[in-house]
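**Student:** Following this line is model.cif, made up of mmCIF, C-alpha atoms:
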data_start
loop_
_atom_site.label_atom_id
_atom_site.label_comp_id
_atom_site.auth_asym_id
_atom_site.auth_seq_id
_atom_site.Cartn_x
_atom_site.Cartn_y
_atom_site.Cartn_z
CA MET A 1 -25.68 29.59 4.32
CA SER A 2 -26.37 26.60 2.09
CA ILE A 3 -29.97 26.68 0.81
CA MET A 4 -31.87 23.79 -0.71
CA THR A 5 -35.24 24.39 -2.31
CA ASN A 6 -37.84 22.27 -4.06
CA THR A 7 -41.60 22.12 -4.41
CA ASN A 8 -41.95 20.87 -0.82
CA SER A 9 -40.58 24.20 0.50
CA PRO A 10 -38.24 22.81 3.17
CA GLN A 11 -37.86 24.85 6.34
CA PHE A 12 -34.65 25.69 8.17
CA ASN A 13 -34.62 24.72 11.86
CA LYS A 14 -32.56 27.53 13.36
CA TYR A 15 -32.99 26.19 16.91
CA LYS A 16 -31.48 22.86 15.92
CA PHE A 17 -28.67 24.69 14.14
CA VAL A 18 -27.81 26.77 17.23
CA GLU A 19 -27.86 23.67 19.42
CA LEU A 20 -25.60 21.67 17.11
CA THR A 21 -23.23 24.62 16.61
CA ASP A 22 -22.79 24.98 20.38
CA LYS A 23 -21.91 21.28 20.62
CA LEU A 24 -19.50 21.48 17.66
CA SER A 25 -17.63 24.64 18.71
CA PRO A 26 -15.22 23.02 21.23
CA TYR A 27 -14.08 20.55 18.59
CA ILE A 28 -13.26 23.03 15.82
CA ASP A 29 -11.38 25.76 17.70
CA ASP A 30 -7.99 24.46 16.51
CA LEU A 31 -9.05 23.91 12.90
CA SER A 32 -8.33 26.20 9.95
CA ASP A 33 -10.92 28.74 8.82
CA HIS A 34 -11.63 26.60 5.77
CA GLN A 35 -12.24 23.51 7.92
CA LYS A 36 -14.51 25.49 10.24
CA GLN A 37 -16.49 26.76 7.26
CA ILE A 38 -16.99 23.21 5.96
CA GLY A 39 -18.20 22.08 9.38
CA ILE A 40 -20.69 24.94 9.75
CA GLU A 41 -22.03 24.51 6.20
CA THR A 42 -22.50 20.79 6.81
CA LEU A 43 -24.52 21.54 9.96
CA GLN A 44 -26.63 24.04 8.04
CA ASP A 45 -27.44 21.45 5.38
CA CYS A 46 -28.47 18.97 8.07
CA CYS A 47 -30.85 21.46 9.69
CA TRP A 48 -33.23 21.71 6.73
CA THR A 49 -36.38 19.61 6.88
CA ARG A 50 -35.05 17.16 4.30
CA SER A 51 -34.93 13.39 4.19
CA LEU A 52 -31.51 11.75 4.31
CA GLN A 53 -32.04 10.61 0.72
CA ASP A 54 -32.69 14.18 -0.48
CA LEU A 55 -29.72 15.49 1.52
CA SER A 56 -27.44 12.83 0.03
CA PHE A 57 -28.61 13.70 -3.49
CA PHE A 58 -28.00 17.42 -2.83
CA TRP A 59 -24.43 16.77 -1.64
CA GLN A 60 -23.70 14.56 -4.64
CA GLN A 61 -24.89 17.28 -7.02
CA GLN A 62 -23.11 20.05 -5.15
CA TYR A 63 -19.70 18.39 -5.13
CA CYS A 64 -19.89 16.74 -8.54
CA GLN A 65 -16.86 17.76 -10.61
CA PRO A 66 -17.54 18.92 -14.18
CA GLU A 67 -16.24 16.81 -17.01
CA ILE A 68 -13.16 18.53 -18.43
CA PRO A 69 -11.36 17.26 -21.57
CA LEU A 70 -7.88 16.06 -20.64
CA THR A 71 -6.11 17.45 -23.70
CA SER A 72 -3.75 19.59 -21.62
CA PRO A 73 -2.99 17.74 -18.39
CA SER A 74 -1.83 19.73 -15.39
CA ILE A 75 0.61 18.43 -12.79
CA LEU A 76 0.70 19.22 -9.09
CA HIS A 77 3.82 18.45 -7.07
CA TYR A 78 3.55 18.84 -3.31
CA ASN A 79 6.23 18.25 -0.66
CA ILE A 80 3.58 17.43 1.88
CA ARG A 81 6.15 17.06 4.71
CA HIS A 82 3.73 15.09 6.87
CA PHE A 83 0.72 13.48 5.25
CA TYR A 84 -1.61 13.32 8.23
CA SER A 85 -0.92 16.92 9.26
CA ASN A 86 -1.38 18.41 5.79
CA GLN A 87 -3.92 16.16 4.06
CA VAL A 88 -6.61 18.84 4.44
CA ASN A 89 -4.34 21.34 2.67
CA LEU A 90 -3.80 18.78 -0.07
CA VAL A 91 -7.54 18.39 -0.60
CA GLU A 92 -7.96 22.18 -0.73
CA ILE A 93 -5.24 22.49 -3.39
CA VAL A 94 -6.64 19.62 -5.44
CA ASN A 95 -10.18 21.03 -5.29
CA THR A 96 -8.91 24.46 -6.32
CA THR A 97 -6.56 23.47 -9.14
CA SER A 98 -8.09 20.14 -10.33
CA PRO A 99 -4.73 18.67 -11.46
CA THR A 100 -4.81 15.62 -13.70
CA ILE A 101 -1.61 14.24 -12.17
CA ILE A 102 -0.46 14.60 -8.55
CA SER A 103 3.05 13.97 -7.22
CA LEU A 104 3.64 13.77 -3.46
CA ASN A 105 6.99 13.60 -1.65
CA GLU A 106 8.03 13.47 2.00
CA LEU A 107 4.99 11.76 3.51
CA GLY A 108 6.65 11.94 6.92
CA THR A 109 5.54 8.44 7.87
CA VAL A 110 4.33 5.20 6.35
CA VAL A 111 0.82 5.84 5.03
CA PRO A 112 -1.35 2.89 3.91
CA THR A 113 -2.12 3.01 0.20
CA LYS A 114 -5.79 2.50 1.06
CA THR A 115 -5.79 5.75 3.04
CA ILE A 116 -4.35 7.74 0.14
CA LYS A 117 -6.79 6.15 -2.31
CA GLN A 118 -9.72 7.11 -0.08
CA LEU A 119 -8.52 10.71 -0.01
CA LEU A 120 -7.80 10.91 -3.76
CA PHE A 121 -10.72 8.72 -4.79
CA SER A 122 -10.98 10.06 -8.36
CA TYR A 123 -7.35 9.14 -9.10
CA ASN A 124 -5.42 5.96 -9.72
CA VAL A 125 -2.85 5.98 -6.90
CA TYR A 126 0.63 4.45 -6.95
CA VAL A 127 2.92 4.44 -3.91
CA LYS A 128 6.58 3.55 -3.31
CA GLU A 129 8.32 3.30 0.04
CA GLY A 130 11.12 5.67 1.09
CA THR A 131 14.55 5.20 2.63
CA ASN A 132 14.46 7.79 5.40
CA SER A 133 12.12 9.28 7.99
CA HIS A 134 10.47 11.53 5.40
CA GLY A 135 8.60 8.55 3.97
CA GLY A 136 7.88 7.54 0.39
CA VAL A 137 6.51 8.96 -2.84
CA VAL A 138 3.05 9.00 -4.41
CA LEU A 139 1.85 9.41 -7.97
CA ALA A 140 -1.87 9.88 -8.60
CA VAL A 141 -3.34 9.98 -12.11
CA ASP A 142 -6.87 11.06 -13.01
CA LYS A 143 -8.96 7.97 -13.70
CA LYS A 144 -10.07 9.45 -17.02
CA LEU A 145 -6.52 8.93 -18.30
CA LYS A 146 -5.25 5.55 -19.47
CA CYS A 147 -2.19 4.68 -17.41
CA GLN A 148 -0.02 1.72 -16.45
CA PRO A 149 2.50 1.50 -13.59
CA ILE A 150 6.16 0.91 -14.43
CA SER A 151 8.04 -1.65 -12.35
CA ILE A 152 11.05 0.03 -10.70
CA ASP A 153 13.03 -1.97 -8.16
CA GLU A 154 14.22 0.89 -5.98
CA PRO A 155 12.70 3.14 -3.31
CA ASN A 156 11.85 6.83 -3.57
CA ILE A 157 10.66 6.67 -7.18
CA VAL A 158 7.34 5.70 -8.76
CA ALA A 159 6.52 5.98 -12.46
CA VAL A 160 3.65 5.32 -14.85
CA ARG A 161 2.94 5.24 -18.57
CA VAL A 162 0.14 7.63 -19.50
CA ILE A 163 -1.67 7.98 -22.82
CA ILE A 164 -2.57 11.57 -23.69
CA GLU A 165 -4.07 12.31 -27.12
CA ASP A 166 -2.75 8.96 -28.39
CA GLN A 167 0.78 9.81 -27.29
CA LEU A 168 2.80 7.91 -24.69
CA PHE A 169 4.05 9.95 -21.74
CA ILE A 170 6.24 8.70 -18.91
CA VAL A 171 5.53 10.43 -15.60
CA ALA A 172 7.56 9.85 -12.44
CA SER A 173 7.59 11.17 -8.89
CA ILE A 174 11.06 11.17 -7.36
CA TYR A 175 12.40 11.98 -3.93
CA SER A 176 16.19 12.08 -3.66
CA PRO A 177 17.27 12.41 -0.01
CA PRO A 178 20.11 14.91 0.60
CA THR A 179 22.63 12.20 1.52
CA GLU A 180 21.79 9.85 -1.38
CA THR A 181 22.78 9.96 -5.05
CA LEU A 182 20.42 10.95 -7.82
CA PRO A 183 18.74 7.99 -9.62
CA LEU A 184 20.23 9.09 -12.95
CA LYS A 185 20.41 5.54 -14.32
CA THR A 186 16.69 4.99 -13.74
CA MET A 187 15.87 8.43 -15.09
CA THR A 188 17.80 7.60 -18.27
CA THR A 189 15.93 4.30 -18.61
CA LEU A 190 12.61 6.16 -18.41
CA LEU A 191 13.80 8.70 -20.96
CA ASN A 192 14.81 5.93 -23.36
CA GLU A 193 11.24 4.60 -23.26
CA SER A 194 9.72 7.94 -24.28
CA ARG A 195 11.01 11.45 -24.96
CA ASN A 196 7.70 12.64 -23.52
CA LEU A 197 9.14 12.46 -20.02
CA ILE A 198 7.90 14.34 -16.97
CA LEU A 199 9.87 14.08 -13.72
CA ALA A 200 8.37 15.74 -10.67
CA GLY A 201 9.85 15.69 -7.24
CA ASP A 202 12.27 16.94 -4.63
CA PHE A 203 15.77 16.23 -5.93
CA ASN A 204 17.58 18.24 -3.24
CA ALA A 205 19.66 19.54 -6.15
CA LYS A 206 20.65 23.21 -6.08
CA HIS A 207 21.75 25.02 -9.23
CA MET A 208 21.44 28.42 -10.86
CA ASP A 209 19.84 26.79 -13.93
CA TRP A 210 16.57 26.68 -12.00
CA LYS A 211 17.12 30.02 -10.23
CA CYS A 212 18.60 28.62 -7.04
CA PRO A 213 21.17 31.02 -5.51
CA GLN A 214 23.30 28.08 -4.36
CA VAL A 215 24.93 25.17 -6.17
CA ASN A 216 25.68 21.73 -4.76
CA THR A 217 27.07 18.48 -6.17
CA LYS A 218 23.64 17.01 -6.91
CA GLY A 219 22.70 20.23 -8.67
CA ARG A 220 25.73 20.02 -10.94
CA LEU A 221 25.01 16.38 -11.75
CA LEU A 222 21.35 17.05 -12.50
CA SER A 223 22.18 20.09 -14.63
CA THR A 224 24.68 18.05 -16.65
CA TRP A 225 22.15 15.25 -17.16
CA LEU A 226 19.42 17.67 -18.26
CA ASN A 227 21.71 19.45 -20.73
CA LYS A 228 23.09 16.18 -22.09
CA ASN A 229 19.58 14.94 -22.84
CA ASN A 230 18.28 18.31 -24.04
CA LEU A 231 15.66 18.57 -21.31
CA ASN A 232 14.08 21.72 -19.95
CA VAL A 233 13.26 22.81 -16.41
CA LEU A 234 9.65 23.95 -16.12
CA ASN A 235 10.02 24.90 -12.45
CA SER A 236 12.00 23.90 -9.40
CA GLY A 237 10.20 20.60 -9.10
CA THR A 238 9.22 19.46 -12.61
CA LYS A 239 11.31 18.48 -15.61
CA THR A 240 10.12 17.58 -19.06
CA SER A 241 11.42 17.18 -22.59
#
Once you've parsed the file, please lay out its structure as structure tokens.
**Tutor:**
Amino acid sequence: MSIMTNTNSPQFNKYKFVELTDKLSPYIDDLSDHQKQIGIETLQDCCWTRSLQDLSFFWQQQYCQPEIPLTSPSILHYNIRHFYSNQVNLVEIVNTTSPTIISLNELGTVVPTKTIKQLLFSYNVYVKEGTNSHGGVVLAVDKKLKCQPISIDEPNIVAVRVIIEDQLFIVASIYSPPTETLPLKTMTTLLNESRNLILAGDFNAKHMDWKCPQVNTKGRLLSTWLNKNNLNVLNSGTKTS
């Protein structure tokens, strides 16, 4: 139970809490346990004898993120599959890991940029449309980092310039549909701008170099490009120099 205390000794109205919980129950049966917990805790906070101003201040203090130096940025890549179905999971992951850069692929539908910005309100958000039913790509950069979008005249790829410890990094989110070719030309252009290159995304490229038991044509092409440019695979979705 969330408890708020001050010199006014607020009281908890358990009768109001029971009444509101009974009204809320039919609407949260299909939600995840985490979502249910958030709903119940919110009701508990509202059942203390507090003014709306005090309650608002309490929530702001409770959910205020600590200031963390961005000397070692972390990157989250998430194939969200369908944005509206999994946006709660995205928020849970972001709140747990606090990434400085977020890459999203396979939105599943066209999502207004305004909607994504409202969800990731502490990030600068950049969106590019897709070419198939899986939707576009998203790159979100913590607002404490200096960044600038890069103009790329093709779908399924969005990139930014980011300054980290006075060094220029190029970060891109890429979705390469299974039936389309890899954007190797664009990837090379980004690499030529800075060797500090981070590519995150779903390339639909299978190869043993990144511990995939199968190999396909896109995997061979990507492996050749990585080796040619002396790039390393950090995991199945992120590449960097």
**Student:** What would the selection look like, as a list of chain:residue names, if the PyMOL selection byres ((chain A and resi 135) around 7) were run on the coordinates I just shared?
**Tutor:**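 When the PyMOL selection byres ((chain A and resi 135) around 7) is applied, the selected residues are A:Glu106, A:Leu107, A:Gly108, A:Thr109, A:Val110, A:Glu129, A:Gly130, A:Thr131, A:Asn132, A:Ser133, A:His134, A:Gly136.
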**Student:** Excluding segment 45-50 of chain A and any residue of its chain fewer than 4 positions from it, enumerate the residues within 7 Å of it, using all atoms listed in the file, and give them as number ranges by chain.
**Tutor:** A: 2, 10-13, 16-17, 41, 54-55
**Student:** Running the PyMOL selection byres ((chain A and resi 155-160) around 8) on this model by hand, what would come out? Give it as a ChimeraX atom specification.
**Tutor:** /A:126-131,136-139,147-154,161-162,170-176
**Student:** How would the residues just picked look written out with C-alpha atoms as a compact mmCIF listing (two decimals), keeping the file's coordinate frame?
**Tutor:**
# COMPACT_ATOMS: atom_id res chain seq x y z
CA TYR A 126 0.63 4.45 -6.95
CA VAL A 127 2.92 4.44 -3.91
CA LYS A 128 6.58 3.55 -3.31
CA GLU A 129 8.32 3.30 0.04
CA GLY A 130 11.12 5.67 1.09
CA THR A 131 14.55 5.20 2.63
CA GLY A 136 7.88 7.54 0.39
CA VAL A 137 6.51 8.96 -2.84
CA VAL A 138 3.05 9.00 -4.41
CA LEU A 139 1.85 9.41 -7.97
CA CYS A 147 -2.19 4.68 -17.41
CA GLN A 148 -0.02 1.72 -16.45
CA PRO A 149 2.50 1.50 -13.59
CA ILE A 150 6.16 0.91 -14.43
CA SER A 151 8.04 -1.65 -12.35
CA ILE A 152 11.05 0.03 -10.70
CA ASP A 153 13.03 -1.97 -8.16
CA GLU A 154 14.22 0.89 -5.98
CA ARG A 161 2.94 5.24 -18.57
CA VAL A 162 0.14 7.63 -19.50
CA ILE A 170 6.24 8.70 -18.91
CA VAL A 171 5.53 10.43 -15.60
CA ALA A 172 7.56 9.85 -12.44
CA SER A 173 7.59 11.17 -8.89
CA ILE A 174 11.06 11.17 -7.36
CA TYR A 175 12.40 11.98 -3.93
CA SER A 176 16.19 12.08 -3.66
**Student:** Could you list the residues chosen by the PyMOL selection byres ((chain A and resi 181-186) around 9) in this structure as a list of chain:residue names?
**Tutor:** A:Ile152, A:Ile157, A:Ile174, A:Tyr175, A:Ser176, A:Pro177, A:Pro178, A:Thr179, A:Glu180, A:Met187, A:Thr188, A:Thr189, A:Leu190, A:Leu191, A:Phe203, A:Ala205, A:Lys218, A:Leu221, A:Leu222, A:Trp225
**Student:** Go through A:Pro112, A:Gln53, A:Ile163, A:Leu119 and flag the residue nearest Pro73 of chain A, using all atoms listed in the file for the distances.
**Tutor:**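 The answer is A:Ile163, which sits nearest to Pro73 of chain A.
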**Student:** Do you have the atom CA of Gly201 of chain A-atom CA of Ser103 of chain A distance handy?
**Tutor:**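 For atom CA of Gly201 of chain A relative to atom CA of Ser103 of chain A, the distance reads 7.0 Å.
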**Student:** Between A:Leu31, A:Leu20, A:Ile198, A:Val233, which one has atoms that come closest to Trp210 of chain A, using all atoms listed in the file?
**Tutor:** A:Val233
**Student:** Considering only C-alpha atoms, can you say which of A:Thr21, A:Gln214, A:Asn95, A:Asn89 comes closest to Gln35 of chain A?
**Tutor:** A:Asn89
